[in-house]
>>> print(open('start.pdb').read())   # PDB, C-alpha atoms
ATOM      1  CA  MET A   1      16.333  -0.017   7.568
ATOM      2  CA  ARG A   2      16.692   2.827   5.086
ATOM      3  CA  VAL A   3      15.096   4.666   2.179
ATOM      4  CA  VAL A   4      15.985   2.675  -0.930
ATOM      5  CA  ALA A   5      15.571   5.203  -3.755
ATOM      6  CA  GLY A   6      14.474   8.700  -4.714
ATOM      7  CA  THR A   7      15.297  12.077  -3.227
ATOM      8  CA  LEU A   8      15.849  10.588   0.235
ATOM      9  CA  ARG A   9      17.877   7.616  -0.937
ATOM     10  CA  GLY A  10      20.101   6.170   1.748
ATOM     11  CA  ARG A  11      18.440   7.963   4.676
ATOM     12  CA  PRO A  12      18.438   5.640   7.718
ATOM     13  CA  LEU A  13      15.078   4.875   9.335
ATOM     14  CA  SER A  14      14.627   3.805  12.938
ATOM     15  CA  ALA A  15      12.330   1.000  14.059
ATOM     16  CA  PRO A  16      11.043   0.187  17.543
ATOM     17  CA  PRO A  17      12.643  -2.770  19.332
ATOM     18  CA  GLY A  18      10.828  -6.081  19.553
ATOM     19  CA  THR A  19       8.385  -7.745  17.172
ATOM     20  CA  THR A  20       5.624  -5.132  17.189
ATOM     21  CA  THR A  21       6.525  -4.084  13.645
ATOM     22  CA  ARG A  22       7.778  -6.122  10.684
ATOM     23  CA  PRO A  23      10.200  -3.980   8.648
ATOM     24  CA  ILE A  24      10.180  -4.848   4.965
ATOM     25  CA  THR A  25      13.582  -5.684   3.476
ATOM     26  CA  ASP A  26      15.258  -3.353   0.976
ATOM     27  CA  ARG A  27      15.086  -5.982  -1.772
ATOM     28  CA  VAL A  28      11.355  -6.561  -1.367
ATOM     29  CA  LYS A  29      10.679  -2.833  -1.080
ATOM     30  CA  GLU A  30      12.574  -2.185  -4.313
ATOM     31  CA  THR A  31      10.600  -4.895  -6.122
ATOM     32  CA  LEU A  32       7.286  -3.655  -4.755
ATOM     33  CA  PHE A  33       7.892  -0.057  -5.781
ATOM     34  CA  ASN A  34       9.028  -1.129  -9.232
ATOM     35  CA  ILE A  35       5.673  -2.898  -9.635
ATOM     36  CA  LEU A  36       3.768   0.134  -8.352
ATOM     37  CA  GLY A  37       5.790   2.548 -10.459
ATOM     38  CA  HIS A  38       5.154   0.494 -13.578
ATOM     39  CA  ARG A  39       1.402   0.659 -12.973
ATOM     40  CA  LEU A  40       1.229   4.289 -11.867
ATOM     41  CA  ALA A  41       4.113   6.101 -13.586
ATOM     42  CA  SER A  42       7.412   4.466 -14.471
ATOM     43  CA  PRO A  43       9.466   1.820 -12.656
ATOM     44  CA  GLY A  44      11.072   3.218  -9.542
ATOM     45  CA  GLU A  45       8.988   6.412  -9.461
ATOM     46  CA  LEU A  46       5.535   7.550  -8.382
ATOM     47  CA  PRO A  47       3.340  10.385  -9.652
ATOM     48  CA  ALA A  48       2.329  13.281  -7.372
ATOM     49  CA  ILE A  49      -0.388  11.355  -5.542
ATOM     50  CA  ASP A  50      -1.589  11.292  -1.934
ATOM     51  CA  ILE A  51      -0.652   8.222   0.118
ATOM     52  CA  LEU A  52      -2.468   6.538   3.010
ATOM     53  CA  ASP A  53      -0.234   4.239   5.088
ATOM     54  CA  VAL A  54      -2.418   2.175   7.449
ATOM     55  CA  PHE A  55      -0.733   0.245  10.286
ATOM     56  CA  SER A  56       2.287   2.271   9.219
ATOM     57  CA  GLY A  57       4.662   1.265  11.991
ATOM     58  CA  PRO A  58       7.784   3.458  11.647
ATOM     59  CA  GLY A  59       6.583   4.656   8.226
ATOM     60  CA  SER A  60       8.978   2.838   5.906
ATOM     61  CA  LEU A  61       6.513   2.427   3.012
ATOM     62  CA  GLY A  62       4.973   5.890   3.201
ATOM     63  CA  ILE A  63       8.362   7.603   3.442
ATOM     64  CA  GLU A  64       9.651   5.537   0.525
ATOM     65  CA  ALA A  65       6.620   6.663  -1.523
ATOM     66  CA  LEU A  66       7.335  10.323  -0.705
ATOM     67  CA  SER A  67      10.976   9.894  -1.659
ATOM     68  CA  ARG A  68       9.887   8.528  -5.046
ATOM     69  CA  GLY A  69       7.566  11.418  -5.951
ATOM     70  CA  ALA A  70       4.329  11.109  -3.943
ATOM     71  CA  ARG A  71       2.769  14.419  -2.856
ATOM     72  CA  THR A  72       1.626  13.736   0.720
ATOM     73  CA  CYS A  73       1.275  10.837   3.131
ATOM     74  CA  THR A  74      -1.170  10.237   5.969
ATOM     75  CA  PHE A  75       0.096   7.658   8.475
ATOM     76  CA  VAL A  76      -2.253   5.652  10.683
ATOM     77  CA  GLU A  77      -0.656   4.003  13.727
ATOM     78  CA  ARG A  78      -1.545   3.674  17.417
ATOM     79  CA  ASP A  79       1.346   1.723  18.972
ATOM     80  CA  ARG A  80       3.309   4.184  21.127
ATOM     81  CA  ARG A  81       6.749   2.831  20.328
ATOM     82  CA  ALA A  82       6.003   2.720  16.600
ATOM     83  CA  LEU A  83       4.674   6.287  16.770
ATOM     84  CA  ARG A  84       7.886   7.434  18.432
ATOM     85  CA  SER A  85       9.965   5.935  15.614
ATOM     86  CA  LEU A  86       7.560   7.274  12.979
ATOM     87  CA  ARG A  87       7.843  10.857  14.277
ATOM     88  CA  GLN A  88      11.619  10.511  14.485
ATOM     89  CA  ASN A  89      11.801   9.273  10.880
ATOM     90  CA  ILE A  90       9.530  12.019   9.561
ATOM     91  CA  GLY A  91      11.608  14.665  11.324
ATOM     92  CA  GLY A  92      14.905  13.143  10.210
ATOM     93  CA  CYS A  93      13.740  13.172   6.585
ATOM     94  CA  TYR A  94      12.339  16.728   6.848
ATOM     95  CA  LEU A  95       8.853  15.594   5.807
ATOM     96  CA  ARG A  96       6.684  17.300   8.414
ATOM     97  CA  GLY A  97       5.228  19.669   5.822
ATOM     98  CA  VAL A  98       3.859  16.852   3.639
ATOM     99  CA  THR A  99       2.804  14.330   6.276
ATOM    100  CA  SER A 100       0.141  13.872   8.914
ATOM    101  CA  ILE A 101      -0.233  11.230  11.628
ATOM    102  CA  LEU A 102      -3.477   9.732  12.913
ATOM    103  CA  ALA A 103      -2.928   7.933  16.214
ATOM    104  CA  ASP A 104      -6.087   5.907  15.757
ATOM    105  CA  ASN A 105      -7.416   2.345  15.644
ATOM    106  CA  ALA A 106      -7.529   1.417  11.962
ATOM    107  CA  TRP A 107     -10.151  -1.257  12.577
ATOM    108  CA  THR A 108     -12.733   1.179  13.908
ATOM    109  CA  MET A 109     -11.716   4.599  12.575
ATOM    110  CA  ARG A 110     -13.520   6.571   9.937
ATOM    111  CA  PRO A 111     -11.109   6.550   6.966
ATOM    112  CA  PRO A 112      -9.471   9.951   6.385
ATOM    113  CA  GLU A 113     -10.317  11.740   3.150
ATOM    114  CA  THR A 114      -8.456  13.800   0.585
ATOM    115  CA  PRO A 115     -10.033  15.806  -2.278
ATOM    116  CA  ASP A 116      -8.823  13.573  -5.126
ATOM    117  CA  GLY A 117      -8.820  10.321  -3.175
ATOM    118  CA  PHE A 118      -5.668   8.456  -2.156
ATOM    119  CA  GLY A 119      -3.708   7.262  -5.173
ATOM    120  CA  LEU A 120      -2.008   4.563  -3.116
ATOM    121  CA  ILE A 121      -3.078   2.898   0.136
ATOM    122  CA  PHE A 122      -0.789   0.580   2.098
ATOM    123  CA  VAL A 123      -2.512  -1.818   4.521
ATOM    124  CA  ASP A 124      -0.116  -3.762   6.731
ATOM    125  CA  PRO A 125      -1.925  -5.109   9.825
ATOM    126  CA  PRO A 126      -0.265  -7.424  12.354
ATOM    127  CA  TYR A 127       0.096 -10.868  10.833
ATOM    128  CA  ARG A 128      -2.103 -12.450  13.479
ATOM    129  CA  ASP A 129      -5.031 -10.339  12.264
ATOM    130  CA  GLY A 130      -4.715 -11.880   8.819
ATOM    131  CA  GLN A 131      -6.173 -15.085  10.241
ATOM    132  CA  ASP A 132      -9.655 -13.579   9.885
ATOM    133  CA  PRO A 133     -10.158 -13.005   6.126
ATOM    134  CA  LEU A 134     -13.641 -11.546   6.462
ATOM    135  CA  ARG A 135     -12.390  -8.950   8.929
ATOM    136  CA  ILE A 136      -9.643  -8.018   6.482
ATOM    137  CA  ILE A 137     -12.112  -7.744   3.606
ATOM    138  CA  ASP A 138     -14.349  -5.482   5.684
ATOM    139  CA  LEU A 139     -11.401  -3.166   6.384
ATOM    140  CA  LEU A 140     -10.208  -3.124   2.767
ATOM    141  CA  GLU A 141     -13.713  -2.381   1.495
ATOM    142  CA  ARG A 142     -14.071   0.544   3.923
ATOM    143  CA  LEU A 143     -10.737   1.934   2.755
ATOM    144  CA  ALA A 144     -11.773   1.505  -0.899
ATOM    145  CA  ILE A 145     -14.201   4.384  -0.444
ATOM    146  CA  VAL A 146     -11.277   6.828  -0.132
ATOM    147  CA  LEU A 147      -9.177   5.235  -2.901
ATOM    148  CA  SER A 148      -8.946   7.359  -6.050
ATOM    149  CA  ASP A 149     -10.634   6.036  -9.186
ATOM    150  CA  ASP A 150      -7.378   4.738 -10.654
ATOM    151  CA  GLY A 151      -5.617   4.205  -7.315
ATOM    152  CA  LEU A 152      -3.984   1.055  -5.981
ATOM    153  CA  MET A 153      -4.192  -0.668  -2.613
ATOM    154  CA  VAL A 154      -1.363  -2.835  -1.269
ATOM    155  CA  TYR A 155      -2.200  -5.435   1.384
ATOM    156  CA  ARG A 156       0.635  -7.290   3.116
ATOM    157  CA  CYS A 157       0.115 -10.455   5.170
ATOM    158  CA  ASP A 158       1.772 -13.660   6.290
ATOM    159  CA  ARG A 159       2.247 -16.099   3.426
ATOM    160  CA  LYS A 160       0.536 -18.781   5.538
ATOM    161  CA  SER A 161      -2.539 -16.646   6.245
ATOM    162  CA  PRO A 162      -5.838 -17.984   4.879
ATOM    163  CA  ALA A 163      -6.477 -16.846   1.315
ATOM    164  CA  LEU A 164      -8.821 -13.887   0.931
ATOM    165  CA  PRO A 165     -12.159 -14.975  -0.548
ATOM    166  CA  VAL A 166     -11.981 -12.550  -3.457
ATOM    167  CA  ASP A 167     -15.555 -13.304  -4.472
ATOM    168  CA  GLU A 168     -16.609 -11.481  -1.280
ATOM    169  CA  PHE A 169     -15.238  -8.159  -2.550
ATOM    170  CA  ARG A 170     -17.825  -5.644  -3.743
ATOM    171  CA  LEU A 171     -15.676  -2.559  -4.361
ATOM    172  CA  LEU A 172     -12.296  -4.113  -5.071
ATOM    173  CA  ARG A 173     -10.665  -6.721  -7.257
ATOM    174  CA  CYS A 174      -7.289  -8.454  -7.075
ATOM    175  CA  LEU A 175      -4.797  -7.185  -9.683
ATOM    176  CA  ASP A 176      -1.672  -9.051  -8.639
ATOM    177  CA  GLU A 177      -0.357 -11.294  -5.884
ATOM    178  CA  ARG A 178       3.278 -12.038  -5.019
ATOM    179  CA  ALA A 179       5.053 -14.055  -2.342
ATOM    180  CA  PHE A 180       8.328 -12.821  -0.845
ATOM    181  CA  GLY A 181       9.762 -15.216   1.695
ATOM    182  CA  ARG A 182       7.349 -15.346   4.616
ATOM    183  CA  MET A 183       5.140 -12.507   3.362
ATOM    184  CA  ARG A 184       2.467 -12.232   0.704
ATOM    185  CA  VAL A 185       1.642  -8.952  -1.051
ATOM    186  CA  ILE A 186      -1.738  -8.462  -2.747
ATOM    187  CA  LEU A 187      -2.374  -5.570  -5.117
ATOM    188  CA  LEU A 188      -5.979  -4.353  -5.388
ATOM    189  CA  GLY A 189      -7.879  -1.851  -7.501
ATOM    190  CA  HIS A 190     -11.464  -0.698  -7.893
ATOM    191  CA  ALA A 191     -13.815  -3.376  -9.167
ATOM    192  CA  ALA A 192     -15.247  -0.839 -11.619
ATOM    193  CA  ASP A 193     -11.963  -0.945 -13.532
ATOM    194  CA  GLU A 194     -12.559  -4.581 -14.485
ATOM    195  CA  SER A 195     -15.120  -3.894 -17.216
ATOM    196  CA  LEU A 196     -12.976  -1.087 -18.638
ATOM    197  CA  SER A 197      -9.888  -3.281 -18.709
ATOM    198  CA  ALA A 198     -11.814  -6.066 -20.415
ATOM    199  CA  ALA A 199     -13.163  -3.671 -23.028
ATOM    200  CA  ASP A 200      -9.708  -2.232 -23.667
ATOM    201  CA  ALA A 201      -8.204  -5.693 -24.011
ATOM    202  CA  GLU A 202     -10.914  -6.723 -26.472
ATOM    203  CA  ALA A 203     -10.342  -3.585 -28.529
ATOM    204  CA  ASP A 204      -6.592  -4.198 -28.622
ATOM    205  CA  ASP A 205      -6.847  -7.892 -29.543
ATOM    206  CA  PRO A 206      -6.120  -8.735 -33.174
ATOM    207  CA  GLU A 207      -8.713 -10.496 -35.268
ATOM    208  CA  PRO A 208      -9.031 -14.131 -34.185
ATOM    209  CA  ASN A 209      -6.980 -16.560 -36.212
ATOM    210  CA  ASP A 210      -8.980 -19.637 -37.175
ATOM    211  CA  THR A 211      -5.962 -21.392 -38.623
ATOM    212  CA  PRO A 212      -5.262 -24.533 -36.586
TER
END
>>> encode(input="start.pdb", output="structure tokens")
Amino acid sequence: MRVVAGTLRGRPLSAPPGTTTRPITDRVKETLFNILGHRLASPGELPAIDILDVFSGPGSLGIEALSRGARTCTFVERDRRALRSLRQNIGGCYLRGVTSILADNAWTMRPPETPDGFGLIFVDPPYRDGQDPLRIIDLLERLAIVLSDDGLMVYRCDRKSPALPVDEFRLLRCLDERAFGRMRVILLGHAADESLSAADAEADDPEPNDTP
């Protein structure tokens, strides 16, 4: 496992032994960050935003975001072995000055805050927890409170997990959904953006053509 691109490109990242964490492959990480960069800045890069990496494991996604231009990252993880790897990776990449670690239970914690809101939130719970969609929605909605107005949330789950009942969302809406092998990645944004996007699309549409 390594940093794929940016200022830390090629830096190796350690991961704890066993199946506690599920490292994302380089290919999928590259594709994901191209999607995020296209929406937030330009493909392959990120603007100077604050990141929240929940169920961070060894920190692969948060560190990748910092390498590509993010300003800070707050990691949330409570597994001891994952925390050991996370601290080792942060130190090895010389990121202590722009990172913080919360050794807390993401399901019950009060979401951390930042003045401008988090521009990007990664949510990567153990796959077994994805079997309870309503529990996932409750967590994502609580995290939405600390998401910046134009921020994005990335939820990763097992491809075979039950589909999220998107009609249950109050604060969020689904922007994109992709399958990569065994995993599924869902991109979310504030529900308030929906009316703005619809209005913008209507304004940009050409006059209707009645010609058959």
>>> closest_residue(input="start.pdb", among="A:Ile24, A:Trp107, A:Arg173, A:Gly91", to="Cys157 of chain A", atoms="only C-alpha atoms")
A:Ile24
>>> closest_residue(input="start.pdb", among="A:Leu139, A:Ile145, A:Leu66, A:Ala15", to="Ile51 of chain A", atoms="all atoms listed in the file")
A:Leu66
>>> closest_residue(input="start.pdb", among="A:Ala41, A:Ala144, A:Ala70, A:Val76", to="Asn105 of chain A", atoms="only C-alpha atoms")
A:Val76
>>> resolve_selection(input="start.pdb", expression="the PyMOL selection byres ((chain A and resi 179) around 10)", output="PyMOL selection string")
chain A and resi 28+156-159+177-178+180-186
>>> residues_near_point(input="start.pdb", point="(3.3, 14.5, 13.0)", cutoff="8 Å", atoms="all atoms listed in the file", output="list in words")
Arg87, Ile90, Arg96, Thr99, Ser100 and Ile101 of chain A
>>> closest_residue(input="start.pdb", among="A:Glu45, A:Arg78, A:Arg128, A:Arg39", to="Asp150 of chain A", atoms="only C-alpha atoms")
A:Arg39
>>> resolve_selection(input="start.pdb", expression="the PyMOL selection byres ((chain A and resi 13) around 10)", output="mmCIF file with C-alpha atoms, keeping the file's coordinate frame")
data_model
loop_
_atom_site.group_PDB
_atom_site.id
_atom_site.type_symbol
_atom_site.label_atom_id
_atom_site.label_comp_id
_atom_site.auth_asym_id
_atom_site.auth_seq_id
_atom_site.Cartn_x
_atom_site.Cartn_y
_atom_site.Cartn_z
ATOM 1 C CA MET A 1 16.333 -0.017 7.568
ATOM 2 C CA ARG A 2 16.692 2.827 5.086
ATOM 3 C CA VAL A 3 15.096 4.666 2.179
ATOM 4 C CA GLY A 10 20.101 6.170 1.748
ATOM 5 C CA ARG A 11 18.440 7.963 4.676
ATOM 6 C CA PRO A 12 18.438 5.640 7.718
ATOM 7 C CA SER A 14 14.627 3.805 12.938
ATOM 8 C CA ALA A 15 12.330 1.000 14.059
ATOM 9 C CA PRO A 58 7.784 3.458 11.647
ATOM 10 C CA GLY A 59 6.583 4.656 8.226
ATOM 11 C CA SER A 60 8.978 2.838 5.906
ATOM 12 C CA ILE A 63 8.362 7.603 3.442
ATOM 13 C CA SER A 85 9.965 5.935 15.614
ATOM 14 C CA LEU A 86 7.560 7.274 12.979
ATOM 15 C CA GLN A 88 11.619 10.511 14.485
ATOM 16 C CA ASN A 89 11.801 9.273 10.880
ATOM 17 C CA ILE A 90 9.530 12.019 9.561
ATOM 18 C CA GLY A 92 14.905 13.143 10.210
ATOM 19 C CA CYS A 93 13.740 13.172 6.585
#
>>> residues_around(input="start.pdb", residues="Pro43 of chain A", least_positions_apart="2", cutoff="12 Å", atoms="all atoms listed in the file", output="list in words")
Ala5, Gly6, Glu30, Thr31, Leu32, Phe33, Asn34, Ile35, Leu36, Gly37, His38, Arg39, Leu40, Ala41, Glu45, Leu46, Pro47, Arg68 and Gly69 of chain A
>>> closest_residue(input="start.pdb", among="A:Met153, A:Ala191, A:Ala48, A:Ala82", to="Leu140 of chain A", atoms="all atoms listed in the file")
A:Met153
>>> closest_residue(input="start.pdb", among="A:Asp124, A:Ser42, A:Tyr94, A:Asp132", to="Phe75 of chain A", atoms="all atoms listed in the file")
A:Asp124
>>> atom_distance(input="start.pdb", atom1="atom CA of Arg27 of chain A", atom2="atom CA of Gly130 of chain A")
23.2 Å
>>> atom_distance(input="start.pdb", atom1="atom CA of Leu171 of chain A", atom2="atom CA of Glu141 of chain A")
6.2 Å
>>> residues_near_point(input="start.pdb", point="(-6.7, -17.4, 3.7)", cutoff="7 Å", atoms="all atoms listed in the file", output="list in words")
Gln131, Pro133, Ser161, Pro162, Ala163 and Leu164 of chain A
>>> write_last_selection(input="start.pdb", atoms="C-alpha atoms", output="compact mmCIF listing (two decimals), keeping the file's coordinate frame")
# COMPACT_ATOMS: atom_id res chain seq x y z
CA GLN A 131 -6.17 -15.08 10.24
CA PRO A 133 -10.16 -13.00 6.13
CA SER A 161 -2.54 -16.65 6.24
CA PRO A 162 -5.84 -17.98 4.88
CA ALA A 163 -6.48 -16.85 1.32
CA LEU A 164 -8.82 -13.89 0.93
>>> build_atoms(input="start.pdb", residues="segment 160-186 of chain A", atoms="N, CA and C atoms", output="mmCIF file, in the coordinates of the input")
data_model
loop_
_atom_site.group_PDB
_atom_site.id
_atom_site.type_symbol
_atom_site.label_atom_id
_atom_site.label_comp_id
_atom_site.auth_asym_id
_atom_site.auth_seq_id
_atom_site.Cartn_x
_atom_site.Cartn_y
_atom_site.Cartn_z
ATOM 1 N N LYS A 160 1.341 -17.651 5.087
ATOM 2 C CA LYS A 160 0.536 -18.781 5.538
ATOM 3 C C LYS A 160 -0.867 -18.373 5.971
ATOM 4 N N SER A 161 -1.192 -17.092 5.880
ATOM 5 C CA SER A 161 -2.539 -16.646 6.245
ATOM 6 C C SER A 161 -3.564 -17.249 5.293
ATOM 7 N N PRO A 162 -4.796 -17.468 5.769
ATOM 8 C CA PRO A 162 -5.838 -17.984 4.879
ATOM 9 C C PRO A 162 -6.036 -17.055 3.681
ATOM 10 N N ALA A 163 -6.277 -17.638 2.523
ATOM 11 C CA ALA A 163 -6.477 -16.846 1.315
ATOM 12 C C ALA A 163 -7.727 -15.979 1.456
ATOM 13 N N LEU A 164 -7.650 -14.759 0.917
ATOM 14 C CA LEU A 164 -8.821 -13.887 0.931
ATOM 15 C C LEU A 164 -9.862 -14.428 -0.044
ATOM 16 N N PRO A 165 -11.104 -14.560 0.380
ATOM 17 C CA PRO A 165 -12.159 -14.975 -0.548
ATOM 18 C C PRO A 165 -12.528 -13.818 -1.475
ATOM 19 N N VAL A 166 -11.850 -13.721 -2.591
ATOM 20 C CA VAL A 166 -11.981 -12.550 -3.457
ATOM 21 C C VAL A 166 -13.397 -12.369 -3.984
ATOM 22 N N ASP A 167 -14.175 -13.443 -4.006
ATOM 23 C CA ASP A 167 -15.555 -13.304 -4.472
ATOM 24 C C ASP A 167 -16.415 -12.514 -3.484
ATOM 25 N N GLU A 168 -15.880 -12.261 -2.273
ATOM 26 C CA GLU A 168 -16.609 -11.481 -1.280
ATOM 27 C C GLU A 168 -16.429 -9.975 -1.487
ATOM 28 N N PHE A 169 -15.451 -9.583 -2.303
ATOM 29 C CA PHE A 169 -15.238 -8.159 -2.550
ATOM 30 C C PHE A 169 -16.399 -7.571 -3.353
ATOM 31 N N ARG A 170 -16.807 -6.377 -2.981
ATOM 32 C CA ARG A 170 -17.825 -5.644 -3.743
ATOM 33 C C ARG A 170 -17.200 -4.459 -4.476
ATOM 34 N N LEU A 171 -16.255 -3.780 -3.814
ATOM 35 C CA LEU A 171 -15.676 -2.559 -4.361
ATOM 36 C C LEU A 171 -14.285 -2.747 -4.937
ATOM 37 N N LEU A 172 -13.683 -3.881 -4.672
ATOM 38 C CA LEU A 172 -12.296 -4.113 -5.071
ATOM 39 C C LEU A 172 -12.157 -5.392 -5.882
ATOM 40 N N ARG A 173 -11.034 -5.486 -6.572
ATOM 41 C CA ARG A 173 -10.665 -6.721 -7.257
ATOM 42 C C ARG A 173 -9.154 -6.905 -7.144
ATOM 43 N N CYS A 174 -8.710 -8.143 -7.174
ATOM 44 C CA CYS A 174 -7.289 -8.454 -7.075
ATOM 45 C C CYS A 174 -6.618 -8.245 -8.435
ATOM 46 N N LEU A 175 -5.544 -7.451 -8.458
ATOM 47 C CA LEU A 175 -4.797 -7.185 -9.683
ATOM 48 C C LEU A 175 -3.518 -8.016 -9.786
ATOM 49 N N ASP A 176 -2.940 -8.328 -8.637
ATOM 50 C CA ASP A 176 -1.672 -9.051 -8.639
ATOM 51 C C ASP A 176 -1.450 -9.620 -7.248
ATOM 52 N N GLU A 177 -0.694 -10.693 -7.171
ATOM 53 C CA GLU A 177 -0.357 -11.294 -5.884
ATOM 54 C C GLU A 177 1.036 -11.895 -5.985
ATOM 55 N N ARG A 178 1.891 -11.558 -5.016
ATOM 56 C CA ARG A 178 3.278 -12.038 -5.019
ATOM 57 C C ARG A 178 3.648 -12.552 -3.630
ATOM 58 N N ALA A 179 4.515 -13.541 -3.600
ATOM 59 C CA ALA A 179 5.053 -14.055 -2.342
ATOM 60 C C ALA A 179 6.525 -13.694 -2.261
ATOM 61 N N PHE A 180 6.935 -13.175 -1.093
ATOM 62 C CA PHE A 180 8.328 -12.821 -0.845
ATOM 63 C C PHE A 180 8.723 -13.433 0.496
ATOM 64 N N GLY A 181 9.389 -14.585 0.444
ATOM 65 C CA GLY A 181 9.762 -15.216 1.695
ATOM 66 C C GLY A 181 8.532 -15.562 2.509
ATOM 67 N N ARG A 182 8.469 -15.031 3.736
ATOM 68 C CA ARG A 182 7.349 -15.346 4.616
ATOM 69 C C ARG A 182 6.113 -14.503 4.315
ATOM 70 N N MET A 183 6.263 -13.420 3.558
ATOM 71 C CA MET A 183 5.140 -12.507 3.362
ATOM 72 C C MET A 183 4.473 -12.689 2.003
ATOM 73 N N ARG A 184 3.217 -12.266 1.951
ATOM 74 C CA ARG A 184 2.467 -12.232 0.704
ATOM 75 C C ARG A 184 1.962 -10.815 0.501
ATOM 76 N N VAL A 185 2.080 -10.301 -0.724
ATOM 77 C CA VAL A 185 1.642 -8.952 -1.051
ATOM 78 C C VAL A 185 0.550 -9.049 -2.109
ATOM 79 N N ILE A 186 -0.603 -8.429 -1.829
ATOM 80 C CA ILE A 186 -1.738 -8.462 -2.747
ATOM 81 C C ILE A 186 -2.024 -7.041 -3.206
#
